[in-house]
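Student: Dropping a structure here in structure tokens format, bear with me for questions.
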Amino acid sequence: MKRYGKYIMPYLHAFILGPILMIVEVVGEVIMPQLFAVMTNTVNAFNGGEILAAEANTIIVQNGLLMALNAVLMFIGGVGGAYFAVKASSNFANDLRKDVFNKIQKYSFANIDKFSTGSLVTRLTNDITQMQNFVMMCLRMMLRSPGMLIGGVIAALSMNFELAMIILAVIPVLVILIAFLLKFSFPKFQAMQKKLDALNSRIQENLTNVRVVKSFVREEYETDRFEAANQDLKDNTLKAMKIMIFMMPIMSLIMNLTTLSVVWIGGNEIITGSMEIGDLTAFTTYIVQILMSLMMVSMIFMNASRAMASSKRIKEVMDEQIDLSDFGASPLNEVTSGEIEFRDVCFRYYKNTEEWVLDHINFKAEAGETIGIIGSTGCGKTTMVSMIPRLYDPDEGEVLVDGKNVKDYTFYNLREGVGMVLQKNVLFSGTIEENLKWGNADATEEEIVEMATSAQAHKFIEAFTDGYQTELGQGGVNVSGGQKQRICIARALLKKPKILILDDSTSAVDTATEAMIRQCFKTTLKDTTKLIIAQRISSVMDADKILVMDEGKIVGCGSHDELLGSCVTYKEIYDSQMEKKEA
């Protein structure tokens, strides 16, 4: 738990007060059987004529008051200890979950690719909950169980040494069982959490792509895949819990046999007069306390085993080295004009391969220019523009914005100056207005309407019953692909960026609407540098400069007319699209 000290320190009062109150409860539990034994022995002595009624009444009243006071203190200790345990563990989990989430937010794409989405969700929820439960159990049991064990053993030894030896002989057996539990359960719990990852990933993938599943009539196939993952989790859960299935009955059997042995031997001692009934009753209570405390210790170790597996998984997230950092960047650097330059940029996703995704990319975009980028699928267009806001860093060469290396900007300042409309358009649950305000949280109604109009989105938004207050389903499922693209473009325009990147963001829009959007760009964004990735030549033919890419290289650069005469790849794309148009 040393690693998680910073989550414990702010709630140190709860971590201290809780155990103190638990100690009060434990002391009360150890004292109570002795008080009860005194009362029982007093009654027996009175019945046997060994003491007078007045003396017996005095002893009973005194011990009764002490028992009542003890019960009150035990109640305060139990309730108070439980309260502080819940408070401390809940705050611990809250802060840990917040830090893990913040860490994930700092991940680069390469970092995120190392973990599945389902795995990260499991670590943020189930794994941290396991640790929370363990912290709470520790605060409630780590002092209570050993306290009851030590207190019970001392009390039992002071009452009857011979009978106490029975307990001392049983304790090593239970300790061995607990050690066995710890050794074999840890790897099984770790495997169980991985299977939970797989199940969550399967659920998320199915729910996110439910429309694809239904359109291909693959419900039965997906059900089978889910059942396989679910069965796998069940099997691993049973393997992890199987030890406990056998462990608890064995420990209960040992506890009951020990109690039976003590009652048998103690009963014979009562018959011979060497032990009183009250002492045997108290001794039996101490046996139950001692053995129950050992059972609670075994439960702590079981939870510790699961918490250790969860802790290791959380540690993996927190220890992941983020490969992109703005450490050393000047907070004074801001994107002011939008000039872009790539100098001999090379990049590959997997550093142990020789194949370059981008191979010696060189080009320059002046501030305010419109740059079209065209090429076959998988030729590196999206990867290249992703380096401008530093979603990836080049392996070789450098990317400059306004003459400065992008690494010299803080992430915030760099990305504030860049607007992106990604290839996969993403909208969030909430109203259209709330989604648009992602571009500018302080945007006025007039600004929202202006940018929505520029993106050719205002008309269809106004046609909705609730207009800009229309609630969007998760991912924007209640708007068409073209409408979603135009909302995303309007959202980027509201940011008023110095650099705007459109990654095939008008593919679902008809050519007439696309032409109107491009025309608005010339007026609304005349000072913004625009990079437009497209599959259609009509989307980029009016650009100031067109980059033609093929297999990670720029094979052509120039205007539409220049490329028709100088670039074979561009001419082939143009001819194929024009032939289709004429057909």
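Scheme for the structure tokens: letters A, B, ... for chains in order shown; per-chain residue numbers from 1; ligand numbers from 1 in order shown.
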With 10 Å as the cut-off and only C-alpha atoms counted, what is the closest atom pair between each nearby residue of segment 502-552 of chain A and segment 377-398 of chain A? Distances in Å to one decimal, ordered by chain and number, as a Markdown table.

Tutor:
| residue | atom | partner | partner_atom | distance |
| --- | --- | --- | --- | --- |
| A:Leu502 | CA | A:Val385 | CA | 9.4 |
| A:Asp503 | CA | A:Thr382 | CA | 6.8 |
| A:Asp504 | CA | A:Thr382 | CA | 9.1 |
| A:Leu531 | CA | A:Val385 | CA | 8.0 |
| A:Ile532 | CA | A:Val385 | CA | 9.7 |
| A:Ile533 | CA | A:Lys381 | CA | 7.1 |
| A:Ala534 | CA | A:Lys381 | CA | 9.4 |
| A:Gln535 | CA | A:Thr377 | CA | 8.6 |
| A:Leu547 | CA | A:Lys381 | CA | 9.6 |
| A:Val548 | CA | A:Lys381 | CA | 9.3 |
| A:Met549 | CA | A:Cys379 | CA | 6.3 |
| A:Asp550 | CA | A:Cys379 | CA | 5.2 |
| A:Glu551 | CA | A:Cys379 | CA | 4.5 |
| A:Gly552 | CA | A:Cys379 | CA | 5.0 |

Student: For the selection you just gave me, I'd like the residues written to a file as a compact mmCIF listing (two decimals), in the first residue's frame, keeping all heavy atoms.

Tutor:
# COMPACT_ATOMS: atom_id res chain seq x y z
N LEU A 502 -9.48 19.01 -42.24
CA LEU A 502 -10.71 18.29 -42.59
C LEU A 502 -10.31 16.95 -43.17
O LEU A 502 -9.81 16.89 -44.31
CB LEU A 502 -11.54 19.09 -43.60
CG LEU A 502 -11.97 20.50 -43.16
CD1 LEU A 502 -12.61 21.24 -44.31
CD2 LEU A 502 -12.92 20.43 -41.98
N ASP A 503 -10.50 15.89 -42.40
CA ASP A 503 -10.07 14.55 -42.82
C ASP A 503 -11.24 13.80 -43.44
O ASP A 503 -12.00 13.11 -42.75
CB ASP A 503 -9.51 13.80 -41.60
CG ASP A 503 -8.88 12.47 -42.01
OD1 ASP A 503 -8.94 12.13 -43.20
OD2 ASP A 503 -8.34 11.79 -41.13
N ASP A 504 -11.38 13.96 -44.75
CA ASP A 504 -12.47 13.29 -45.48
C ASP A 504 -13.81 13.56 -44.81
O ASP A 504 -14.65 12.66 -44.66
CB ASP A 504 -12.19 11.79 -45.56
CG ASP A 504 -12.89 11.12 -46.74
OD1 ASP A 504 -13.32 11.85 -47.65
OD2 ASP A 504 -13.03 9.89 -46.73
N LEU A 531 -6.28 22.35 -44.42
CA LEU A 531 -5.80 21.10 -45.02
C LEU A 531 -7.00 20.19 -45.21
O LEU A 531 -7.66 19.80 -44.23
CB LEU A 531 -4.76 20.41 -44.13
CG LEU A 531 -3.39 21.13 -44.05
CD1 LEU A 531 -3.39 22.15 -42.93
CD2 LEU A 531 -2.28 20.12 -43.85
N ILE A 532 -7.29 19.85 -46.46
CA ILE A 532 -8.49 19.08 -46.78
C ILE A 532 -8.07 17.74 -47.36
O ILE A 532 -7.52 17.66 -48.47
CB ILE A 532 -9.39 19.83 -47.78
CG1 ILE A 532 -9.77 21.20 -47.21
CG2 ILE A 532 -10.63 19.02 -48.10
CD1 ILE A 532 -10.52 22.08 -48.20
N ILE A 533 -8.31 16.67 -46.60
CA ILE A 533 -8.09 15.31 -47.09
C ILE A 533 -9.38 14.85 -47.77
O ILE A 533 -10.47 14.99 -47.20
CB ILE A 533 -7.72 14.36 -45.95
CG1 ILE A 533 -6.40 14.77 -45.31
CG2 ILE A 533 -7.64 12.92 -46.44
CD1 ILE A 533 -6.01 13.94 -44.10
N ALA A 534 -9.27 14.32 -48.96
CA ALA A 534 -10.49 13.91 -49.69
C ALA A 534 -10.18 12.74 -50.60
O ALA A 534 -9.02 12.49 -50.97
CB ALA A 534 -11.04 15.09 -50.48
N GLN A 535 -11.23 12.02 -50.96
CA GLN A 535 -11.13 10.96 -51.96
C GLN A 535 -11.57 11.48 -53.32
O GLN A 535 -11.16 10.96 -54.35
CB GLN A 535 -12.01 9.76 -51.55
CG GLN A 535 -11.64 9.11 -50.23
CD GLN A 535 -10.28 8.45 -50.26
OE1 GLN A 535 -9.82 8.02 -51.31
NE2 GLN A 535 -9.62 8.39 -49.12
N LEU A 547 -1.47 18.03 -52.58
CA LEU A 547 -0.45 17.02 -52.33
C LEU A 547 -1.01 15.66 -52.74
O LEU A 547 -2.09 15.28 -52.31
CB LEU A 547 -0.05 16.99 -50.86
CG LEU A 547 0.44 18.29 -50.23
CD1 LEU A 547 0.76 18.06 -48.75
CD2 LEU A 547 1.67 18.82 -50.96
N VAL A 548 -0.27 14.94 -53.56
CA VAL A 548 -0.68 13.59 -53.97
C VAL A 548 0.21 12.60 -53.24
O VAL A 548 1.45 12.66 -53.35
CB VAL A 548 -0.55 13.41 -55.50
CG1 VAL A 548 -1.07 12.04 -55.91
CG2 VAL A 548 -1.29 14.51 -56.24
N MET A 549 -0.40 11.68 -52.50
CA MET A 549 0.37 10.72 -51.70
C MET A 549 0.17 9.30 -52.20
O MET A 549 -0.92 8.93 -52.67
CB MET A 549 -0.03 10.82 -50.22
CG MET A 549 0.29 12.15 -49.59
SD MET A 549 0.07 12.15 -47.79
CE MET A 549 1.37 11.03 -47.29
N ASP A 550 1.22 8.52 -52.09
CA ASP A 550 1.16 7.12 -52.47
C ASP A 550 2.19 6.35 -51.66
O ASP A 550 3.39 6.68 -51.68
CB ASP A 550 1.44 6.96 -53.97
CG ASP A 550 1.24 5.53 -54.44
OD1 ASP A 550 0.34 4.85 -53.91
OD2 ASP A 550 1.99 5.09 -55.34
N GLU A 551 1.73 5.37 -50.90
CA GLU A 551 2.59 4.52 -50.07
C GLU A 551 3.51 5.32 -49.16
O GLU A 551 4.72 5.06 -49.05
CB GLU A 551 3.41 3.57 -50.95
CG GLU A 551 2.54 2.58 -51.72
CD GLU A 551 3.37 1.59 -52.52
OE1 GLU A 551 4.61 1.78 -52.59
OE2 GLU A 551 2.79 0.64 -53.07
N GLY A 552 2.94 6.33 -48.49
CA GLY A 552 3.68 7.10 -47.50
C GLY A 552 4.59 8.17 -48.06
O GLY A 552 5.34 8.80 -47.30

Student: Among segment 316-392 of chain A, which residues carry a DSSP assignment of helix (DSSP H, G or I), reported as a ChimeraX atom specification?

Tutor: /A:316-319,381-386

Student: Of the candidates A:Ser305, A:Leu35, A:Glu227, A:Thr285, which one gets nearest to Leu66 of chain A if we count only C-alpha atoms?

Tutor: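 Of all the options, A:Leu35 lies closest to Leu66 of chain A.
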
Student: So that I can check the surroundings of Ala37 of chain A, please list as a PyMOL selection string every protein, DNA and RNA residue that reaches within 7 Å of it, counting only C-alpha atoms and ignoring chain neighbours fewer than 5 positions away.

Tutor: chain A and resi 278-279+281-282

Student: With C-alpha atoms retained, write the just-selected residues as a CSV table (one decimal), in the first residue's frame.

Tutor:
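Saved result, out28.csv, follows:
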chain,number,residue,atom,x,y,z
A,278,GLY,CA,-19.0,-19.6,34.0
A,279,ASP,CA,-15.3,-20.0,33.2
A,281,THR,CA,-18.8,-20.5,29.1
A,282,ALA,CA,-16.3,-17.7,28.8

Student: Neighbouring residues of Trp438 of chain A were defined as those with any atom within 10 Å, considering only C-alpha atoms; residues of the same chain fewer than 6 positions away were excluded. Please report them as an MDAnalysis selection string.

Tutor: chainID A and resid 427:428 488 491:492 494:495

Student: Let's see if you can do this: from backbone DSSP, list all strand (DSSP E or B) residues in segment 392-435 of chain A, as number ranges by chain.

Tutor: A: 396-401, 404-405, 409, 418-421, 430-431
